[in-house]
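Printed here is final26.txt (compact mmCIF, N, CA and C atoms and all ligand atoms):
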# COMPACT_ATOMS: atom_id res chain seq x y z
N MET A 1 -19.32 -2.21 3.97
CA MET A 1 -19.36 -3.48 3.21
C MET A 1 -18.26 -3.49 2.15
N GLN A 2 -17.53 -4.58 2.09
CA GLN A 2 -16.38 -4.67 1.17
C GLN A 2 -16.62 -5.82 0.18
N ARG A 3 -15.97 -5.73 -0.99
CA ARG A 3 -16.06 -6.81 -1.97
C ARG A 3 -14.68 -7.32 -2.34
N THR A 4 -14.62 -8.59 -2.72
CA THR A 4 -13.36 -9.16 -3.20
C THR A 4 -13.65 -10.10 -4.35
N LEU A 5 -12.62 -10.39 -5.15
CA LEU A 5 -12.76 -11.38 -6.22
C LEU A 5 -12.11 -12.68 -5.76
N SER A 6 -12.83 -13.77 -5.94
CA SER A 6 -12.25 -15.08 -5.65
C SER A 6 -12.42 -15.96 -6.89
N ILE A 7 -11.47 -16.87 -7.07
CA ILE A 7 -11.53 -17.81 -8.20
C ILE A 7 -11.32 -19.23 -7.68
N VAL A 8 -12.21 -20.15 -8.05
CA VAL A 8 -11.90 -21.57 -7.89
C VAL A 8 -11.12 -21.94 -9.15
N LYS A 9 -9.85 -22.28 -8.96
CA LYS A 9 -8.93 -22.50 -10.08
C LYS A 9 -9.21 -23.85 -10.76
N PRO A 10 -8.58 -24.09 -11.93
CA PRO A 10 -8.87 -25.33 -12.66
C PRO A 10 -8.68 -26.61 -11.83
N ASP A 11 -7.72 -26.61 -10.88
CA ASP A 11 -7.54 -27.83 -10.05
C ASP A 11 -8.74 -28.04 -9.13
N GLY A 12 -9.33 -26.94 -8.63
CA GLY A 12 -10.50 -27.04 -7.76
C GLY A 12 -11.71 -27.54 -8.52
N VAL A 13 -11.86 -27.09 -9.78
CA VAL A 13 -12.98 -27.55 -10.61
C VAL A 13 -12.78 -29.03 -10.94
N ARG A 14 -11.53 -29.42 -11.30
CA ARG A 14 -11.26 -30.83 -11.62
C ARG A 14 -11.49 -31.74 -10.42
N LYS A 15 -11.19 -31.26 -9.22
CA LYS A 15 -11.38 -32.07 -8.01
C LYS A 15 -12.84 -32.07 -7.53
N GLN A 16 -13.69 -31.35 -8.25
CA GLN A 16 -15.13 -31.27 -7.94
C GLN A 16 -15.40 -30.79 -6.50
N ILE A 17 -14.70 -29.68 -6.15
CA ILE A 17 -14.89 -29.11 -4.82
C ILE A 17 -15.38 -27.65 -4.89
N ILE A 18 -16.01 -27.28 -6.02
CA ILE A 18 -16.56 -25.92 -6.15
C ILE A 18 -17.50 -25.65 -4.96
N GLY A 19 -18.42 -26.58 -4.73
CA GLY A 19 -19.41 -26.41 -3.67
C GLY A 19 -18.77 -26.29 -2.30
N LYS A 20 -17.75 -27.13 -2.05
CA LYS A 20 -17.06 -27.07 -0.74
C LYS A 20 -16.43 -25.71 -0.52
N VAL A 21 -15.77 -25.18 -1.57
CA VAL A 21 -15.10 -23.88 -1.44
C VAL A 21 -16.15 -22.79 -1.16
N VAL A 22 -17.21 -22.78 -1.94
CA VAL A 22 -18.26 -21.77 -1.74
C VAL A 22 -18.85 -21.90 -0.34
N SER A 23 -19.08 -23.14 0.11
CA SER A 23 -19.63 -23.36 1.46
C SER A 23 -18.72 -22.81 2.55
N MET A 24 -17.42 -23.01 2.37
CA MET A 24 -16.50 -22.54 3.41
C MET A 24 -16.55 -21.02 3.55
N PHE A 25 -16.82 -20.33 2.44
CA PHE A 25 -17.00 -18.88 2.53
C PHE A 25 -18.37 -18.55 3.16
N GLU A 26 -19.42 -19.21 2.65
CA GLU A 26 -20.78 -18.89 3.13
C GLU A 26 -20.94 -19.19 4.62
N GLU A 27 -20.28 -20.27 5.07
CA GLU A 27 -20.39 -20.64 6.50
C GLU A 27 -19.83 -19.55 7.42
N LYS A 28 -18.95 -18.73 6.89
CA LYS A 28 -18.39 -17.63 7.70
C LYS A 28 -19.17 -16.33 7.51
N GLY A 29 -20.33 -16.42 6.89
CA GLY A 29 -21.18 -15.24 6.76
C GLY A 29 -20.89 -14.39 5.53
N ILE A 30 -20.01 -14.90 4.67
CA ILE A 30 -19.67 -14.16 3.44
C ILE A 30 -20.76 -14.42 2.40
N ARG A 31 -21.14 -13.34 1.69
CA ARG A 31 -22.24 -13.44 0.71
C ARG A 31 -21.68 -13.54 -0.72
N VAL A 32 -22.25 -14.43 -1.52
CA VAL A 32 -21.88 -14.50 -2.93
C VAL A 32 -22.72 -13.45 -3.68
N ALA A 33 -22.05 -12.44 -4.25
CA ALA A 33 -22.77 -11.36 -4.93
C ALA A 33 -22.75 -11.52 -6.45
N GLY A 34 -21.87 -12.43 -6.93
CA GLY A 34 -21.79 -12.72 -8.35
C GLY A 34 -21.01 -14.01 -8.52
N ILE A 35 -21.40 -14.83 -9.50
CA ILE A 35 -20.67 -16.10 -9.70
C ILE A 35 -20.89 -16.60 -11.12
N LYS A 36 -19.83 -17.10 -11.76
CA LYS A 36 -19.97 -17.72 -13.08
C LYS A 36 -18.77 -18.60 -13.39
N MET A 37 -19.00 -19.58 -14.28
CA MET A 37 -17.91 -20.45 -14.72
C MET A 37 -17.47 -19.99 -16.09
N LEU A 38 -16.15 -19.97 -16.30
CA LEU A 38 -15.64 -19.62 -17.62
C LEU A 38 -14.27 -20.26 -17.84
N SER A 39 -13.84 -20.28 -19.09
CA SER A 39 -12.52 -20.82 -19.42
C SER A 39 -11.64 -19.68 -19.87
N LEU A 40 -10.52 -19.50 -19.18
CA LEU A 40 -9.60 -18.41 -19.53
C LEU A 40 -8.72 -18.82 -20.70
N THR A 41 -8.55 -17.91 -21.66
CA THR A 41 -7.50 -18.11 -22.65
C THR A 41 -6.18 -17.80 -21.95
N LYS A 42 -5.09 -18.22 -22.57
CA LYS A 42 -3.77 -17.91 -22.00
C LYS A 42 -3.62 -16.38 -21.88
N ASP A 43 -4.09 -15.64 -22.89
CA ASP A 43 -3.99 -14.17 -22.88
C ASP A 43 -4.78 -13.55 -21.72
N LYS A 44 -5.99 -14.08 -21.50
CA LYS A 44 -6.84 -13.55 -20.42
C LYS A 44 -6.20 -13.86 -19.05
N ALA A 45 -5.57 -15.05 -18.93
CA ALA A 45 -4.87 -15.40 -17.68
C ALA A 45 -3.65 -14.50 -17.50
N MET A 46 -2.94 -14.22 -18.59
CA MET A 46 -1.77 -13.34 -18.50
C MET A 46 -2.19 -11.92 -18.10
N GLY A 47 -3.31 -11.47 -18.60
CA GLY A 47 -3.81 -10.13 -18.23
C GLY A 47 -4.18 -10.08 -16.75
N PHE A 48 -4.81 -11.14 -16.27
CA PHE A 48 -5.23 -11.17 -14.87
C PHE A 48 -4.03 -11.14 -13.93
N TYR A 49 -2.99 -11.91 -14.28
CA TYR A 49 -1.82 -12.01 -13.41
C TYR A 49 -0.66 -11.12 -13.87
N ARG A 50 -0.99 -10.01 -14.58
CA ARG A 50 0.08 -9.18 -15.16
C ARG A 50 1.06 -8.64 -14.12
N VAL A 51 0.60 -8.47 -12.86
CA VAL A 51 1.55 -7.97 -11.83
C VAL A 51 2.67 -8.98 -11.58
N HIS A 52 2.47 -10.23 -11.98
CA HIS A 52 3.49 -11.26 -11.77
C HIS A 52 4.28 -11.56 -13.04
N LYS A 53 4.19 -10.66 -14.03
CA LYS A 53 4.76 -10.99 -15.35
C LYS A 53 6.27 -11.24 -15.35
N ASP A 54 6.97 -10.68 -14.38
CA ASP A 54 8.43 -10.89 -14.34
C ASP A 54 8.84 -12.04 -13.43
N ARG A 55 7.87 -12.70 -12.82
CA ARG A 55 8.20 -13.81 -11.92
C ARG A 55 8.52 -15.06 -12.74
N PRO A 56 9.40 -15.91 -12.21
CA PRO A 56 9.77 -17.13 -12.97
C PRO A 56 8.59 -18.08 -13.21
N PHE A 57 7.56 -18.00 -12.35
CA PHE A 57 6.44 -18.94 -12.48
C PHE A 57 5.32 -18.42 -13.39
N PHE A 58 5.50 -17.22 -13.99
CA PHE A 58 4.41 -16.60 -14.75
C PHE A 58 3.91 -17.49 -15.90
N GLY A 59 4.84 -18.08 -16.65
CA GLY A 59 4.45 -18.92 -17.79
C GLY A 59 3.66 -20.14 -17.36
N SER A 60 4.18 -20.84 -16.36
CA SER A 60 3.48 -22.05 -15.94
C SER A 60 2.18 -21.73 -15.21
N LEU A 61 2.15 -20.63 -14.45
CA LEU A 61 0.91 -20.23 -13.76
C LEU A 61 -0.20 -19.93 -14.78
N THR A 62 0.14 -19.20 -15.84
CA THR A 62 -0.90 -18.81 -16.79
C THR A 62 -1.31 -20.00 -17.68
N THR A 63 -0.38 -20.94 -17.90
CA THR A 63 -0.75 -22.18 -18.60
C THR A 63 -1.71 -22.99 -17.73
N PHE A 64 -1.39 -23.10 -16.45
CA PHE A 64 -2.28 -23.80 -15.51
C PHE A 64 -3.66 -23.13 -15.46
N MET A 65 -3.69 -21.80 -15.34
CA MET A 65 -4.97 -21.11 -15.19
C MET A 65 -5.83 -21.19 -16.45
N SER A 66 -5.19 -21.50 -17.59
CA SER A 66 -5.97 -21.64 -18.83
C SER A 66 -6.13 -23.12 -19.21
N SER A 67 -5.88 -24.03 -18.26
CA SER A 67 -5.92 -25.47 -18.56
C SER A 67 -7.31 -26.09 -18.40
N GLY A 68 -8.26 -25.32 -17.94
CA GLY A 68 -9.62 -25.84 -17.74
C GLY A 68 -10.49 -24.75 -17.16
N PRO A 69 -11.79 -25.02 -17.02
CA PRO A 69 -12.68 -23.98 -16.52
C PRO A 69 -12.36 -23.54 -15.09
N VAL A 70 -12.73 -22.31 -14.79
CA VAL A 70 -12.60 -21.75 -13.45
C VAL A 70 -13.97 -21.21 -13.04
N VAL A 71 -14.14 -20.99 -11.74
CA VAL A 71 -15.36 -20.33 -11.26
C VAL A 71 -14.92 -19.01 -10.62
N VAL A 72 -15.41 -17.92 -11.18
CA VAL A 72 -15.07 -16.59 -10.62
C VAL A 72 -16.25 -16.10 -9.79
N MET A 73 -15.92 -15.47 -8.67
CA MET A 73 -16.96 -15.02 -7.74
C MET A 73 -16.66 -13.63 -7.21
N VAL A 74 -17.71 -12.84 -7.02
CA VAL A 74 -17.59 -11.62 -6.24
C VAL A 74 -18.16 -11.96 -4.87
N LEU A 75 -17.34 -11.78 -3.84
CA LEU A 75 -17.77 -12.07 -2.47
C LEU A 75 -17.90 -10.76 -1.72
N GLU A 76 -18.86 -10.71 -0.83
CA GLU A 76 -19.20 -9.45 -0.17
C GLU A 76 -19.36 -9.66 1.34
N GLY A 77 -18.93 -8.69 2.11
CA GLY A 77 -19.10 -8.74 3.57
C GLY A 77 -18.17 -7.75 4.24
N GLU A 78 -18.30 -7.70 5.55
CA GLU A 78 -17.42 -6.82 6.31
C GLU A 78 -16.02 -7.43 6.33
N ASP A 79 -15.01 -6.64 6.02
CA ASP A 79 -13.61 -7.09 6.05
C ASP A 79 -13.41 -8.38 5.22
N VAL A 80 -14.16 -8.47 4.10
CA VAL A 80 -14.19 -9.74 3.36
C VAL A 80 -12.83 -10.10 2.74
N ILE A 81 -12.03 -9.10 2.40
CA ILE A 81 -10.72 -9.41 1.78
C ILE A 81 -9.86 -10.22 2.75
N ASN A 82 -9.76 -9.75 3.98
CA ASN A 82 -8.97 -10.48 4.99
C ASN A 82 -9.62 -11.80 5.37
N LYS A 83 -10.95 -11.79 5.50
CA LYS A 83 -11.64 -13.03 5.88
C LYS A 83 -11.40 -14.13 4.85
N VAL A 84 -11.52 -13.76 3.57
CA VAL A 84 -11.32 -14.76 2.51
C VAL A 84 -9.88 -15.27 2.53
N ARG A 85 -8.93 -14.38 2.76
CA ARG A 85 -7.52 -14.81 2.79
C ARG A 85 -7.24 -15.74 3.97
N THR A 86 -7.91 -15.50 5.09
CA THR A 86 -7.76 -16.40 6.24
C THR A 86 -8.37 -17.78 5.93
N ILE A 87 -9.53 -17.79 5.31
CA ILE A 87 -10.21 -19.06 5.00
C ILE A 87 -9.42 -19.85 3.96
N MET A 88 -8.76 -19.14 3.01
CA MET A 88 -7.96 -19.82 1.97
C MET A 88 -6.69 -20.43 2.56
N GLY A 89 -6.04 -19.73 3.50
CA GLY A 89 -4.74 -20.16 4.02
C GLY A 89 -3.61 -19.63 3.16
N ALA A 90 -2.37 -19.87 3.60
CA ALA A 90 -1.19 -19.35 2.91
C ALA A 90 -1.11 -19.87 1.48
N THR A 91 -0.47 -19.06 0.60
CA THR A 91 -0.31 -19.43 -0.81
C THR A 91 0.27 -20.84 -0.95
N ASP A 92 1.31 -21.11 -0.16
CA ASP A 92 1.94 -22.44 -0.19
C ASP A 92 1.18 -23.37 0.75
N PRO A 93 0.54 -24.40 0.23
CA PRO A 93 -0.28 -25.26 1.10
C PRO A 93 0.50 -25.89 2.25
N LYS A 94 1.83 -26.04 2.07
CA LYS A 94 2.65 -26.60 3.16
C LYS A 94 2.68 -25.66 4.36
N LYS A 95 2.45 -24.37 4.09
CA LYS A 95 2.48 -23.38 5.17
C LYS A 95 1.08 -22.95 5.61
N ALA A 96 0.07 -23.51 4.97
CA ALA A 96 -1.32 -23.09 5.27
C ALA A 96 -1.80 -23.72 6.57
N ASP A 97 -2.49 -22.92 7.38
CA ASP A 97 -3.02 -23.42 8.66
C ASP A 97 -3.99 -24.57 8.43
N LYS A 98 -4.06 -25.44 9.43
CA LYS A 98 -5.01 -26.57 9.40
C LYS A 98 -6.43 -26.05 9.23
N GLY A 99 -7.21 -26.76 8.42
CA GLY A 99 -8.61 -26.39 8.26
C GLY A 99 -8.85 -25.33 7.21
N THR A 100 -7.77 -24.78 6.62
CA THR A 100 -7.95 -23.82 5.54
C THR A 100 -8.15 -24.57 4.22
N ILE A 101 -8.68 -23.86 3.23
CA ILE A 101 -8.96 -24.50 1.92
C ILE A 101 -7.68 -25.08 1.33
N ARG A 102 -6.61 -24.30 1.34
CA ARG A 102 -5.37 -24.78 0.71
C ARG A 102 -4.74 -25.92 1.50
N ASN A 103 -4.84 -25.86 2.83
CA ASN A 103 -4.32 -26.96 3.65
C ASN A 103 -5.06 -28.26 3.33
N MET A 104 -6.36 -28.16 3.14
CA MET A 104 -7.16 -29.38 2.96
C MET A 104 -7.11 -29.92 1.53
N PHE A 105 -7.01 -29.01 0.54
CA PHE A 105 -7.24 -29.47 -0.84
C PHE A 105 -6.11 -29.21 -1.83
N ALA A 106 -5.15 -28.32 -1.51
CA ALA A 106 -4.18 -27.91 -2.54
C ALA A 106 -2.99 -28.86 -2.61
N SER A 107 -2.47 -29.03 -3.83
CA SER A 107 -1.33 -29.95 -4.00
C SER A 107 0.00 -29.22 -3.99
N ASP A 108 0.07 -28.01 -4.47
CA ASP A 108 1.35 -27.27 -4.41
C ASP A 108 1.12 -25.77 -4.48
N ILE A 109 2.22 -25.01 -4.43
CA ILE A 109 2.14 -23.54 -4.32
C ILE A 109 1.47 -22.91 -5.55
N GLU A 110 1.58 -23.57 -6.71
CA GLU A 110 0.96 -23.02 -7.92
C GLU A 110 -0.49 -23.50 -8.04
N GLN A 111 -0.68 -24.80 -7.92
CA GLN A 111 -2.03 -25.38 -8.07
C GLN A 111 -2.64 -25.39 -6.67
N ASN A 112 -3.09 -24.20 -6.27
CA ASN A 112 -3.49 -24.01 -4.87
C ASN A 112 -4.99 -23.71 -4.72
N ILE A 113 -5.77 -24.25 -5.66
CA ILE A 113 -7.24 -24.33 -5.58
C ILE A 113 -8.00 -23.01 -5.72
N VAL A 114 -7.50 -21.97 -5.06
CA VAL A 114 -8.36 -20.79 -4.92
C VAL A 114 -7.52 -19.51 -4.95
N HIS A 115 -8.14 -18.46 -5.47
CA HIS A 115 -7.52 -17.13 -5.45
C HIS A 115 -8.43 -16.17 -4.69
N GLY A 116 -7.83 -15.19 -4.05
CA GLY A 116 -8.60 -14.10 -3.44
C GLY A 116 -7.80 -12.82 -3.56
N SER A 117 -8.44 -11.71 -3.88
CA SER A 117 -7.74 -10.41 -4.00
C SER A 117 -6.94 -10.14 -2.73
N ASP A 118 -5.74 -9.56 -2.89
CA ASP A 118 -4.89 -9.36 -1.71
C ASP A 118 -5.04 -7.97 -1.07
N SER A 119 -5.81 -7.08 -1.67
CA SER A 119 -5.97 -5.73 -1.11
C SER A 119 -7.20 -5.08 -1.76
N PRO A 120 -7.69 -3.98 -1.17
CA PRO A 120 -8.82 -3.28 -1.80
C PRO A 120 -8.46 -2.79 -3.20
N GLU A 121 -7.20 -2.39 -3.40
CA GLU A 121 -6.76 -1.91 -4.73
C GLU A 121 -6.83 -3.06 -5.74
N SER A 122 -6.37 -4.25 -5.35
CA SER A 122 -6.44 -5.41 -6.26
C SER A 122 -7.90 -5.76 -6.55
N ALA A 123 -8.73 -5.77 -5.51
CA ALA A 123 -10.15 -6.10 -5.71
C ALA A 123 -10.78 -5.14 -6.71
N ALA A 124 -10.41 -3.87 -6.62
CA ALA A 124 -11.00 -2.84 -7.49
C ALA A 124 -10.63 -3.04 -8.95
N THR A 125 -9.51 -3.71 -9.24
CA THR A 125 -9.20 -3.99 -10.64
C THR A 125 -9.62 -5.41 -11.03
N GLU A 126 -9.56 -6.34 -10.08
CA GLU A 126 -9.87 -7.74 -10.40
C GLU A 126 -11.37 -7.97 -10.62
N ILE A 127 -12.23 -7.30 -9.84
CA ILE A 127 -13.68 -7.54 -10.00
C ILE A 127 -14.14 -7.13 -11.41
N PRO A 128 -13.83 -5.89 -11.86
CA PRO A 128 -14.30 -5.53 -13.22
C PRO A 128 -13.57 -6.27 -14.34
N TYR A 129 -12.48 -6.97 -14.02
CA TYR A 129 -11.81 -7.79 -15.05
C TYR A 129 -12.75 -8.91 -15.52
N PHE A 130 -13.64 -9.35 -14.61
CA PHE A 130 -14.53 -10.47 -14.93
C PHE A 130 -16.02 -10.12 -14.88
N PHE A 131 -16.40 -9.07 -14.15
CA PHE A 131 -17.82 -8.81 -13.93
C PHE A 131 -18.21 -7.40 -14.35
N SER A 132 -19.37 -7.31 -15.02
CA SER A 132 -19.98 -5.99 -15.25
C SER A 132 -20.86 -5.70 -14.02
N GLU A 133 -21.24 -4.44 -13.84
CA GLU A 133 -22.09 -4.07 -12.69
C GLU A 133 -23.38 -4.89 -12.67
N MET A 134 -23.93 -5.15 -13.88
CA MET A 134 -25.20 -5.88 -13.98
C MET A 134 -25.10 -7.31 -13.44
N GLU A 135 -23.87 -7.84 -13.41
CA GLU A 135 -23.70 -9.23 -12.97
C GLU A 135 -23.44 -9.34 -11.46
N ILE A 136 -23.44 -8.20 -10.78
CA ILE A 136 -23.19 -8.20 -9.34
C ILE A 136 -24.45 -7.73 -8.62
N SER A 137 -24.89 -8.54 -7.65
CA SER A 137 -26.09 -8.18 -6.89
C SER A 137 -25.68 -7.77 -5.50
N GLY A 138 -25.66 -6.48 -5.24
CA GLY A 138 -25.29 -5.98 -3.92
C GLY A 138 -26.34 -6.32 -2.88
N SER A 139 -25.92 -6.35 -1.60
CA SER A 139 -26.88 -6.69 -0.53
C SER A 139 -27.68 -5.46 -0.15
P1 LIG B 201 -2.78 -16.48 -6.18
O1 LIG B 201 -3.29 -16.16 -4.82
O2 LIG B 201 -3.79 -16.69 -7.26
O3 LIG B 201 -1.76 -15.35 -6.63
C1 LIG B 201 -0.68 -15.57 -7.50
C2 LIG B 201 -0.51 -17.03 -7.83
O4 LIG B 201 0.78 -17.37 -8.32
C3 LIG B 201 -0.63 -17.85 -6.54
O5 LIG B 201 -1.94 -17.85 -6.07
C4 LIG B 201 -0.10 -19.18 -7.02
O6 LIG B 201 -1.04 -19.90 -7.81
C5 LIG B 201 1.05 -18.72 -7.92
N1 LIG B 201 2.34 -18.69 -7.22
C6 LIG B 201 2.73 -17.86 -6.24
N2 LIG B 201 4.00 -18.12 -5.86
C7 LIG B 201 4.42 -19.14 -6.65
C8 LIG B 201 5.64 -19.87 -6.75
N3 LIG B 201 6.68 -19.58 -5.98
N4 LIG B 201 5.71 -20.85 -7.67
C9 LIG B 201 4.65 -21.12 -8.47
N5 LIG B 201 3.46 -20.46 -8.42
C10 LIG B 201 3.35 -19.50 -7.52
Would it be possible to restate this file's structure as structure tokens?
Amino acid sequence: MQRTLSIVKPDGVRKQIIGKVVSMFEEKGIRVAGIKMLSLTKDKAMGFYRVHKDRPFFGSLTTFMSSGPVVVMVLEGEDVINKVRTIMGATDPKKADKGTIRNMFASDIEQNIVHGSDSPESAATEIPYFFSEMEISGS
């Protein structure tokens, strides 16, 4: 059993599609093991995306991520990291496969509705960035 961190970003919350995003994961057999809504400060967003600190989009990405509430989730299941990435679609919605979350709902490469950890190593740092053990209910 594997875990990953997913975030419904501020654009997803503003578009009122939190439920749709969660459903698309649950319909594929993925279990929600932890979930909460919170508002990131610019500093907390910068800490989360620190691996991208030298990228040209870092400033605008962290401003966007702190522009409104987000929903953070711990998702659980077999091969869940890859499954979530398939359901989300490519980072750039123009390149995302039909029927993926980003293909259906995202407006651009930055405001792309949803985040999912890209590897077990990322999941291992991203999950405790937002969740204590007590907030995660294992299956
Ligand atoms: P995410 O999967 O959360 O991981 C890093 C985020 O950076 C990505 O989704 C996008 O929101 C953003 N991002 C990645 N590439 C670009 C880019 N070229 N321009 C702007 N934002 C980007």
Per residue of range 46-75 of chain A within 9 Å of range 108-123 of chain A, what are the shortest atom pair and its distance in Å to one decimal, counting only C-alpha atoms, with rows by chain and residue number, as a Markdown table?
| residue | atom | partner | partner_atom | distance |
| --- | --- | --- | --- | --- |
| A:Phe57 | CA | A:Glu110 | CA | 8.2 |
| A:Ser60 | CA | A:Glu110 | CA | 8.5 |
| A:Leu61 | CA | A:Glu110 | CA | 6.5 |
| A:Phe64 | CA | A:Gln111 | CA | 7.6 |
| A:Met65 | CA | A:Gln111 | CA | 8.8 |
What does the file look like for those residues with N, CA and C atoms, as a PDB file, in the frame of the given file?
ATOM      1  N   PHE A  57       7.560 -18.000 -12.350  1.00  0.00           N
ATOM      2  CA  PHE A  57       6.440 -18.940 -12.480  1.00  0.00           C
ATOM      3  C   PHE A  57       5.320 -18.420 -13.390  1.00  0.00           C
ATOM      4  N   SER A  60       4.180 -20.840 -16.360  1.00  0.00           N
ATOM      5  CA  SER A  60       3.480 -22.050 -15.940  1.00  0.00           C
ATOM      6  C   SER A  60       2.180 -21.730 -15.210  1.00  0.00           C
ATOM      7  N   LEU A  61       2.150 -20.630 -14.450  1.00  0.00           N
ATOM      8  CA  LEU A  61       0.910 -20.230 -13.760  1.00  0.00           C
ATOM      9  C   LEU A  61      -0.200 -19.930 -14.780  1.00  0.00           C
ATOM     10  N   PHE A  64      -1.390 -23.100 -16.450  1.00  0.00           N
ATOM     11  CA  PHE A  64      -2.280 -23.800 -15.510  1.00  0.00           C
ATOM     12  C   PHE A  64      -3.660 -23.130 -15.460  1.00  0.00           C
ATOM     13  N   MET A  65      -3.690 -21.800 -15.340  1.00  0.00           N
ATOM     14  CA  MET A  65      -4.970 -21.110 -15.190  1.00  0.00           C
ATOM     15  C   MET A  65      -5.830 -21.190 -16.450  1.00  0.00           C
TER      16      MET A  65
END
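Minimum atom-to-atom distances from A:Asp97, A:Thr91, A:Met104, A:Met134 to Ile17 in chain A were compared using only C-alpha atoms, and the lowest value belongs to A:Met104.
Considering all atoms listed in the file, the residue among A:Lys44, A:Asp92, A:Asp54, A:Val71 positioned nearest to Ile18 in chain A is A:Val71.
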Who sits within 8 Å of Val84 in chain A, only C-alpha atoms, same chain under 4 positions skipped, as a list in words: Phe25, Val80, Met88 and Gly116 of chain A
Backbone-only DSSP, strand (DSSP E) members of chain A, as an MDAnalysis selection string: chainID A and resid 2:8 31:38 70:77 114:116
Nearest candidate to Glu76 in chain A (options A:Arg50, A:Arg3, A:Lys98, A:Lys28; using only N, CA and C atoms):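 Closest to Glu76 in chain A of all the choices is A:Arg3.
Computed from the coordinates, the atom N of Lys42 in chain A to atom N of Ser23 in chain A distance equals 27.1 Å.
Note that the spacing between atom C of Gly77 in chain A and atom C4 of ligand LIG 201 (chain B) amounts to 24.2 Å.
Going from atom C10 of ligand LIG 201 (chain B) over to atom N of Ile35 in chain A, you cover 25.3 Å.
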Nearest residue to ligand LIG 201 (chain B) from the set A:Leu40, A:Ala90, A:Met73, A:Ile81 (distances using all atoms listed in the file):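 Ranked by minimum distance to ligand LIG 201 (chain B), first place goes to A:Ala90.
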Nearest candidate to ligand LIG 201 (chain B) (options A:Pro56, A:Pro128, A:Gly68, A:Gly99; using all atoms listed in the file):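 That would be A:Pro56, the residue with the smallest distance to ligand LIG 201 (chain B).
Contact shell of Ile127 in chain A at 7 Å (all atoms listed in the file; same-chain neighbours under 3 positions omitted): Thr4, Leu5, Val74, Ser122, Ala123, Ala124, Phe130, Phe131 and Ser132 of chain A.
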Mind dumping the selected residues with N, CA and C atoms as a CSV table (one decimal), in the frame of the given file?
chain,number,residue,atom,x,y,z
A,4,THR,N,-14.6,-8.6,-2.7
A,4,THR,CA,-13.4,-9.2,-3.2
A,4,THR,C,-13.6,-10.1,-4.4
A,5,LEU,N,-12.6,-10.4,-5.2
A,5,LEU,CA,-12.8,-11.4,-6.2
A,5,LEU,C,-12.1,-12.7,-5.8
A,74,VAL,N,-17.7,-12.8,-7.0
A,74,VAL,CA,-17.6,-11.6,-6.2
A,74,VAL,C,-18.2,-12.0,-4.9
A,122,SER,N,-6.4,-4.2,-5.4
A,122,SER,CA,-6.4,-5.4,-6.3
A,122,SER,C,-7.9,-5.8,-6.6
A,123,ALA,N,-8.7,-5.8,-5.5
A,123,ALA,CA,-10.2,-6.1,-5.7
A,123,ALA,C,-10.8,-5.1,-6.7
A,124,ALA,N,-10.4,-3.9,-6.6
A,124,ALA,CA,-11.0,-2.8,-7.5
A,124,ALA,C,-10.6,-3.0,-9.0
A,130,PHE,N,-13.6,-9.4,-14.6
A,130,PHE,CA,-14.5,-10.5,-14.9
A,130,PHE,C,-16.0,-10.1,-14.9
A,131,PHE,N,-16.4,-9.1,-14.2
A,131,PHE,CA,-17.8,-8.8,-13.9
A,131,PHE,C,-18.2,-7.4,-14.4
A,132,SER,N,-19.4,-7.3,-15.0
A,132,SER,CA,-20.0,-6.0,-15.2
A,132,SER,C,-20.9,-5.7,-14.0
Return as AutoDock Vina command-line options the box centre and box size in Å, one decimal, for an axis-aligned box around all listed atoms of range 4-19 of chain A padded by 8 Å per side.
--center_x -13.5 --center_y -20.3 --center_z -7.5 --size_x 27.9 --size_y 39.5 --size_z 26.4
All helix (DSSP H, G or I) positions in chain A, as JSON, numbers by chain: {"A": [10, 11, 12, 13, 14, 18, 19, 20, 21, 22, 23, 24, 25, 26, 42, 43, 44, 45, 46, 47, 48, 50, 51, 52, 58, 59, 60, 61, 62, 63, 64, 65, 80, 81, 82, 83, 84, 85, 86, 87, 88, 93, 94, 95, 101, 102, 103, 104, 105, 120, 121, 122, 123, 124, 125, 126, 127, 128, 129, 130, 133, 134, 135]}
Shortest interatomic distance to ligand LIG 201 (chain B) - which of A:Asn103, A:Ser139, A:Thr62, A:Ser67, counting all atoms listed in the file: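 Ranking A:Asn103, A:Ser139, A:Thr62, A:Ser67 by distance to ligand LIG 201 (chain B), first place goes to A:Thr62.
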